[in-house]
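Okay, structure first, notes after.
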Amino acid sequence: TLDTSVLNVSIAKVAEDLGTTVTGIQTAITLYTLVMAMFMVTGGRLGALIGRRRAFALGCVVYGCGSLTTSLAPGLPVLIVGWSVLEGLGAVLIMPAIVALVAANFGRDQRPRAYGLIAAAGAMAVAVGPLVGGLVTTYFSWRWVFAAEVLLVLGILVFARRMAESAPERNPSLDLVGTVLSAAGLGLVVYAILRTSTWGWVLPKAGAPSLFGLSISLWLILAGLLVLRLFLGRQHHRIRRGREPLTDPALFGNAGLRTGLIVFFFQFLLQAGLFFVVPLFLSVALGLSALDTGVRLLPLSVALLAAAAGIPKVWPEVSPRRVVRLGLTTLLAALVILLAALELGAGPEITTVPMLLAGFGIGALASQLGSVTVSAVPDERTSEVGGLQNTATNLGASVGTALAGSVLIAALTTSFLQGIAQNPAVPPQVSAQAEVSLVSGATFLSDAALGNGLAAAGVPEPAAAAIVAENEKPRIQALRASIAVLALAAVLSIFFTRRIPAVQPGRSPA
């Protein structure tokens, strides 16, 4: 969580340092969560094969190697290998193991509090991530953050030796074909969503690949869903033959678990989308430094920490359903307020109240959902549930980042091209050249970056100044479009809370 929040708050600086664009960093962020979403179920299964504590330690080593590679990355490809791939694969082993190890190290009556403490630990990482990232990026280099993570990994490995190992499963096995099918299905779906900004959602953009007149993105999404259906069919077949499945499809028939996974998906979709859009407004549209951006995100971090740690402690018997609905409603309120306040000329102060509300909403969800999903199944299924739970969260984060970025680029391109076409200070030939150059989507740029790019392209100074001024309004409109889509997702998520339990796990109704 620290890792992700650091990169989000430093998007503009990392892109500049690596010679890439905001879209390139968005790709790395999405691939990071995509790798975890693709292989999280398999990571849970590997924990059953080699032992959860060993899987946790091995994951930490892989993660540390990825952090070191990221800190030395000369360009975007190496950043993707280190951050998106190696760190993603390390997390695949770490995160499901944590869920099972909690069950092994705490009694049933202690587990709700233990999972709440883990959520609070994640909240603490969100709290310090923007400040650490902003401080180090502003005065040193973002690379030092990832180098320091290697030392953190070494410290974690020392303390991990004190954890009790979870009980081994009987005759564990790994379904290699199922692994390929699940990874391919999830990968196709999320990759297609990522490419919608350049390929289009349903109708193809100019020059983009298409099939039967429809965007290739739509076909890849349908293909991914079909592959996932084949994956479930294979799991049923293995069970009928008495063999161990990668994931038991019967788990999805558990209403409590299914609902918890869906709400987890929406929580991380909203969270990732918000953490993509707001730093862009602060660091690119307003030109704030990474440190100032981190300070402006601090209200979200503080409120998140207070809610995640405080709700289970102050109201231990509160209804999980009520808290989850309150969290989603508060998130929706934060998005609506931000949407109303975000206009041309708005300053960074407009983010304070929305960030407080969003932090409280995310923290409220974090305080309940982990315990709700794990308590819905017997103890021996905790590792499997850990894989599913983290698949849902990382799939949600992938879709949230991709969806917010796709809508932002589409809205920016349309608004920007219309603006310069109607501006008399911009020569028609420059406007026509822009339409050709930006056929696959405009780049979200600061005034300084756009001005430098226009100067390098030889655009006359009066026209360049007009284009820079014209870009301010489309930037805000693009951000508003992304926030509006996230608000619609928040409304939709509330309808899925009906099956969240009304009493805390392990307690009887009054």
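We label chains A, B, ... in the order they appear in the structure tokens, count residues from 1 in each chain, and number ligands from 1 in the order shown.
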From a DSSP calculation on the backbone, collect every residue of range 206-365 of chain A in alpha helix (DSSP H) and output the set as JSON, numbers by chain.
{"A": [216, 217, 218, 219, 220, 221, 222, 223, 224, 225, 226, 227, 228, 229, 230, 231, 232, 233, 234, 235, 236, 237, 238, 239, 240, 255, 256, 257, 258, 259, 260, 261, 262, 263, 264, 265, 266, 267, 268, 269, 270, 271, 272, 273, 274, 275, 276, 277, 278, 279, 280, 290, 291, 292, 293, 294, 295, 296, 297, 298, 299, 300, 301, 302, 303, 304, 305, 306, 307, 308, 309, 310, 311, 312, 313, 314, 320, 321, 322, 323, 324, 325, 326, 327, 328, 329, 330, 331, 332, 333, 334, 335, 336, 337, 338, 339, 340, 341, 352, 353, 354, 355, 356, 357, 358, 359, 360, 361, 362, 363, 364, 365]}
So that each row is one residue of range 213-274 of chain A with an atom at most 12 Å from range 9-27 of chain A, can you give its shortest atom pair and the distance in Å to one decimal, using only C-alpha atoms, rows by chain and rising number, as a Markdown table?
| residue | atom | partner | partner_atom | distance |
| --- | --- | --- | --- | --- |
| A:Ala272 | CA | A:Gln26 | CA | 11.0 |
| A:Gly273 | CA | A:Gln26 | CA | 10.9 |
| A:Leu274 | CA | A:Val9 | CA | 11.6 |
Measuring between only C-alpha atoms, which one of A:Glu343, A:Arg325, A:Leu31, A:Leu214 shows the shortest distance to Leu186 in chain A?
A:Leu31
Leu89 in chain A environment, 10 Å, only C-alpha atoms, sequence neighbours closer than 6 positions dropped, as a VMD selection string:
chain A and resid 32 to 33 35 to 40 43 59 to 60 62 to 63 66 83
Any chance you can output those residues with N, CA and C atoms as a PDB file, in the first residue's frame?
ATOM      1  N   TYR A  32       0.619  -3.536 -12.512  1.00  0.00           N
ATOM      2  CA  TYR A  32       0.985  -3.993 -11.161  1.00  0.00           C
ATOM      3  C   TYR A  32      -0.198  -4.696 -10.515  1.00  0.00           C
ATOM      4  N   THR A  33      -1.334  -4.031 -10.505  1.00  0.00           N
ATOM      5  CA  THR A  33      -2.517  -4.640  -9.912  1.00  0.00           C
ATOM      6  C   THR A  33      -3.055  -5.765 -10.791  1.00  0.00           C
ATOM      7  N   VAL A  35      -1.220  -7.958 -12.546  1.00  0.00           N
ATOM      8  CA  VAL A  35      -0.428  -9.156 -12.242  1.00  0.00           C
ATOM      9  C   VAL A  35      -0.937  -9.811 -10.962  1.00  0.00           C
ATOM     10  N   MET A  36      -1.223  -8.986  -9.956  1.00  0.00           N
ATOM     11  CA  MET A  36      -1.731  -9.548  -8.700  1.00  0.00           C
ATOM     12  C   MET A  36      -3.114 -10.167  -8.892  1.00  0.00           C
ATOM     13  N   ALA A  37      -3.969  -9.488  -9.649  1.00  0.00           N
ATOM     14  CA  ALA A  37      -5.308 -10.029  -9.871  1.00  0.00           C
ATOM     15  C   ALA A  37      -5.257 -11.343 -10.655  1.00  0.00           C
ATOM     16  N   MET A  38      -4.339 -11.446 -11.611  1.00  0.00           N
ATOM     17  CA  MET A  38      -4.244 -12.641 -12.443  1.00  0.00           C
ATOM     18  C   MET A  38      -3.801 -13.873 -11.655  1.00  0.00           C
ATOM     19  N   PHE A  39      -2.862 -13.686 -10.740  1.00  0.00           N
ATOM     20  CA  PHE A  39      -2.207 -14.844 -10.127  1.00  0.00           C
ATOM     21  C   PHE A  39      -2.467 -14.985  -8.631  1.00  0.00           C
ATOM     22  N   MET A  40      -3.348 -14.164  -8.050  1.00  0.00           N
ATOM     23  CA  MET A  40      -3.554 -14.216  -6.612  1.00  0.00           C
ATOM     24  C   MET A  40      -4.124 -15.569  -6.169  1.00  0.00           C
ATOM     25  N   GLY A  43      -1.365 -17.947  -6.150  1.00  0.00           N
ATOM     26  CA  GLY A  43      -0.489 -17.693  -5.012  1.00  0.00           C
ATOM     27  C   GLY A  43      -1.017 -18.331  -3.739  1.00  0.00           C
ATOM     28  N   GLY A  59       7.755 -14.669  -1.014  1.00  0.00           N
ATOM     29  CA  GLY A  59       7.149 -13.501  -1.633  1.00  0.00           C
ATOM     30  C   GLY A  59       7.870 -12.223  -1.261  1.00  0.00           C
ATOM     31  N   CYS A  60       8.302 -12.118  -0.009  1.00  0.00           N
ATOM     32  CA  CYS A  60       9.045 -10.929   0.420  1.00  0.00           C
ATOM     33  C   CYS A  60      10.363 -10.794  -0.341  1.00  0.00           C
ATOM     34  N   VAL A  62      11.069 -11.982  -3.402  1.00  0.00           N
ATOM     35  CA  VAL A  62      10.761 -11.566  -4.772  1.00  0.00           C
ATOM     36  C   VAL A  62      10.391 -10.086  -4.806  1.00  0.00           C
ATOM     37  N   TYR A  63       9.597  -9.660  -3.817  1.00  0.00           N
ATOM     38  CA  TYR A  63       9.182  -8.257  -3.752  1.00  0.00           C
ATOM     39  C   TYR A  63      10.392  -7.345  -3.567  1.00  0.00           C
ATOM     40  N   GLY A  66      12.177  -6.900  -6.768  1.00  0.00           N
ATOM     41  CA  GLY A  66      11.447  -5.965  -7.618  1.00  0.00           C
ATOM     42  C   GLY A  66      11.667  -4.528  -7.195  1.00  0.00           C
ATOM     43  N   TRP A  83       8.612  -3.150 -10.967  1.00  0.00           N
ATOM     44  CA  TRP A  83       7.470  -2.764 -10.137  1.00  0.00           C
ATOM     45  C   TRP A  83       6.231  -3.578 -10.471  1.00  0.00           C
TER      46      TRP A  83
END
Within 6 Å of range 383-399 of chain A using only C-alpha atoms, minus same-chain residues under 4 positions, as a list in words:
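Selected residues are Thr30, Thr33, Leu34, Ala37, Met40, Val41, Gly44, Pro96, Val99, Ala100, Leu261, Phe264, Phe265, Phe268, Leu269, Ala272 and Leu403 of chain A.
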Okay, now the selection with all heavy atoms, as a compact mmCIF listing (two decimals), in the first residue's frame?
# COMPACT_ATOMS: atom_id res chain seq x y z
N THR A 30 -1.51 0.01 -13.56
CA THR A 30 -2.55 -0.96 -13.87
C THR A 30 -1.98 -2.36 -14.00
O THR A 30 -2.56 -3.34 -13.53
CB THR A 30 -3.28 -0.55 -15.16
OG1 THR A 30 -3.79 0.77 -15.01
CG2 THR A 30 -4.43 -1.49 -15.46
N THR A 33 -1.33 -4.03 -10.50
CA THR A 33 -2.52 -4.64 -9.91
C THR A 33 -3.05 -5.76 -10.79
O THR A 33 -3.64 -6.73 -10.28
CB THR A 33 -3.61 -3.59 -9.69
OG1 THR A 33 -3.79 -2.82 -10.88
CG2 THR A 33 -3.22 -2.64 -8.57
N LEU A 34 -2.85 -5.69 -12.10
CA LEU A 34 -3.29 -6.75 -13.00
C LEU A 34 -2.54 -8.05 -12.72
O LEU A 34 -3.14 -9.13 -12.66
CB LEU A 34 -3.09 -6.33 -14.46
CG LEU A 34 -3.32 -7.40 -15.53
CD1 LEU A 34 -4.73 -7.93 -15.45
CD2 LEU A 34 -3.01 -6.85 -16.91
N ALA A 37 -3.97 -9.49 -9.65
CA ALA A 37 -5.31 -10.03 -9.87
C ALA A 37 -5.26 -11.34 -10.65
O ALA A 37 -6.01 -12.28 -10.38
CB ALA A 37 -6.16 -9.01 -10.63
N MET A 40 -3.35 -14.16 -8.05
CA MET A 40 -3.55 -14.22 -6.61
C MET A 40 -4.12 -15.57 -6.17
O MET A 40 -3.73 -16.11 -5.13
CB MET A 40 -4.48 -13.08 -6.17
CG MET A 40 -4.45 -12.83 -4.69
SD MET A 40 -2.84 -12.27 -4.08
CE MET A 40 -2.73 -10.64 -4.80
N VAL A 41 -5.07 -16.12 -6.92
CA VAL A 41 -5.64 -17.43 -6.58
C VAL A 41 -4.54 -18.50 -6.61
O VAL A 41 -4.45 -19.36 -5.72
CB VAL A 41 -6.79 -17.79 -7.53
CG1 VAL A 41 -7.26 -19.22 -7.29
CG2 VAL A 41 -7.94 -16.82 -7.35
N GLY A 44 -2.34 -18.26 -3.54
CA GLY A 44 -2.94 -18.92 -2.39
C GLY A 44 -2.74 -20.43 -2.44
O GLY A 44 -2.51 -21.08 -1.42
N PRO A 96 -2.26 -13.75 0.13
CA PRO A 96 -3.11 -14.86 0.59
C PRO A 96 -2.54 -15.54 1.83
O PRO A 96 -3.29 -16.01 2.70
CB PRO A 96 -3.12 -15.82 -0.60
CG PRO A 96 -2.70 -15.02 -1.77
CD PRO A 96 -1.76 -13.99 -1.23
N VAL A 99 -3.72 -13.96 5.16
CA VAL A 99 -5.06 -14.31 5.61
C VAL A 99 -5.03 -15.64 6.36
O VAL A 99 -5.63 -15.78 7.44
CB VAL A 99 -6.03 -14.39 4.41
CG1 VAL A 99 -7.42 -14.81 4.87
CG2 VAL A 99 -6.09 -13.04 3.71
N ALA A 100 -4.32 -16.64 5.83
CA ALA A 100 -4.24 -17.95 6.49
C ALA A 100 -3.42 -17.89 7.76
O ALA A 100 -3.73 -18.56 8.75
CB ALA A 100 -3.65 -18.97 5.52
N LEU A 261 -16.91 -10.11 -1.54
CA LEU A 261 -15.98 -9.96 -2.65
C LEU A 261 -16.41 -8.86 -3.60
O LEU A 261 -15.58 -8.08 -4.10
CB LEU A 261 -15.85 -11.30 -3.41
CG LEU A 261 -15.21 -12.46 -2.65
CD1 LEU A 261 -15.24 -13.72 -3.50
CD2 LEU A 261 -13.79 -12.13 -2.24
N PHE A 264 -15.70 -5.58 -1.92
CA PHE A 264 -14.25 -5.37 -1.97
C PHE A 264 -13.85 -4.84 -3.34
O PHE A 264 -13.04 -3.91 -3.45
CB PHE A 264 -13.53 -6.70 -1.72
CG PHE A 264 -12.92 -6.82 -0.35
CD1 PHE A 264 -13.19 -7.92 0.44
CD2 PHE A 264 -12.07 -5.85 0.15
CE1 PHE A 264 -12.65 -8.05 1.70
CE2 PHE A 264 -11.51 -5.97 1.40
CZ PHE A 264 -11.80 -7.07 2.18
N PHE A 265 -14.40 -5.43 -4.40
CA PHE A 265 -14.10 -4.99 -5.77
C PHE A 265 -14.44 -3.51 -5.95
O PHE A 265 -13.64 -2.73 -6.45
CB PHE A 265 -14.89 -5.85 -6.76
CG PHE A 265 -14.83 -5.36 -8.18
CD1 PHE A 265 -13.78 -5.70 -9.02
CD2 PHE A 265 -15.83 -4.54 -8.70
CE1 PHE A 265 -13.72 -5.24 -10.32
CE2 PHE A 265 -15.78 -4.08 -10.01
CZ PHE A 265 -14.73 -4.43 -10.82
N PHE A 268 -12.06 -1.01 -3.94
CA PHE A 268 -10.75 -0.75 -4.53
C PHE A 268 -10.86 -0.09 -5.90
O PHE A 268 -9.94 0.62 -6.32
CB PHE A 268 -9.94 -2.04 -4.57
CG PHE A 268 -9.26 -2.34 -3.27
CD1 PHE A 268 -9.98 -2.86 -2.20
CD2 PHE A 268 -7.93 -2.05 -3.08
CE1 PHE A 268 -9.38 -3.11 -0.99
CE2 PHE A 268 -7.31 -2.30 -1.86
CZ PHE A 268 -8.03 -2.83 -0.81
N LEU A 269 -11.96 -0.32 -6.61
CA LEU A 269 -12.19 0.42 -7.85
C LEU A 269 -12.29 1.92 -7.55
O LEU A 269 -11.63 2.74 -8.21
CB LEU A 269 -13.48 -0.08 -8.53
CG LEU A 269 -13.84 0.50 -9.89
CD1 LEU A 269 -14.71 -0.50 -10.66
CD2 LEU A 269 -14.58 1.83 -9.82
N ALA A 272 -8.79 3.27 -6.07
CA ALA A 272 -7.74 3.42 -7.08
C ALA A 272 -8.07 4.55 -8.05
O ALA A 272 -7.19 5.32 -8.44
CB ALA A 272 -7.57 2.11 -7.85
N LEU A 403 -10.30 2.54 -15.84
CA LEU A 403 -11.54 3.22 -16.17
C LEU A 403 -11.39 4.72 -16.02
O LEU A 403 -11.77 5.50 -16.91
CB LEU A 403 -12.66 2.70 -15.27
CG LEU A 403 -14.07 3.26 -15.51
CD1 LEU A 403 -14.56 2.87 -16.90
CD2 LEU A 403 -15.04 2.74 -14.46
Counting only C-alpha atoms, what is within 9 Å of Arg258 in chain A, bar same-chain residues fewer than 6 positions away, as a list in words?
Leu251, Phe252, Thr373 and Arg499 of chain A
Preceding selection exported with N, CA, C and O atoms as a PDB file, in the first residue's frame:
ATOM      1  N   LEU A 251     -17.760 -22.035  -3.536  1.00  0.00           N
ATOM      2  CA  LEU A 251     -17.552 -20.859  -2.691  1.00  0.00           C
ATOM      3  C   LEU A 251     -18.381 -19.669  -3.174  1.00  0.00           C
ATOM      4  O   LEU A 251     -18.840 -18.848  -2.378  1.00  0.00           O
ATOM      5  N   PHE A 252     -18.569 -19.581  -4.491  1.00  0.00           N
ATOM      6  CA  PHE A 252     -19.326 -18.447  -5.035  1.00  0.00           C
ATOM      7  C   PHE A 252     -20.817 -18.572  -4.743  1.00  0.00           C
ATOM      8  O   PHE A 252     -21.566 -17.615  -4.928  1.00  0.00           O
ATOM      9  N   THR A 373     -15.648 -11.550   5.012  1.00  0.00           N
ATOM     10  CA  THR A 373     -15.390 -12.574   3.993  1.00  0.00           C
ATOM     11  C   THR A 373     -14.784 -13.840   4.601  1.00  0.00           C
ATOM     12  O   THR A 373     -15.195 -14.950   4.273  1.00  0.00           O
ATOM     13  N   ARG A 499     -26.720  -8.392   1.267  1.00  0.00           N
ATOM     14  CA  ARG A 499     -26.340  -9.684   1.856  1.00  0.00           C
ATOM     15  C   ARG A 499     -25.174  -9.579   2.842  1.00  0.00           C
ATOM     16  O   ARG A 499     -24.712 -10.601   3.344  1.00  0.00           O
TER      17      ARG A 499
END
Shell around Phe495 in chain A at 12 Å using only C-alpha atoms, local window under 4 positions removed, as number ranges by chain:
A: 259, 262-263, 266, 321, 324-325, 328-329, 488-491, 499-500
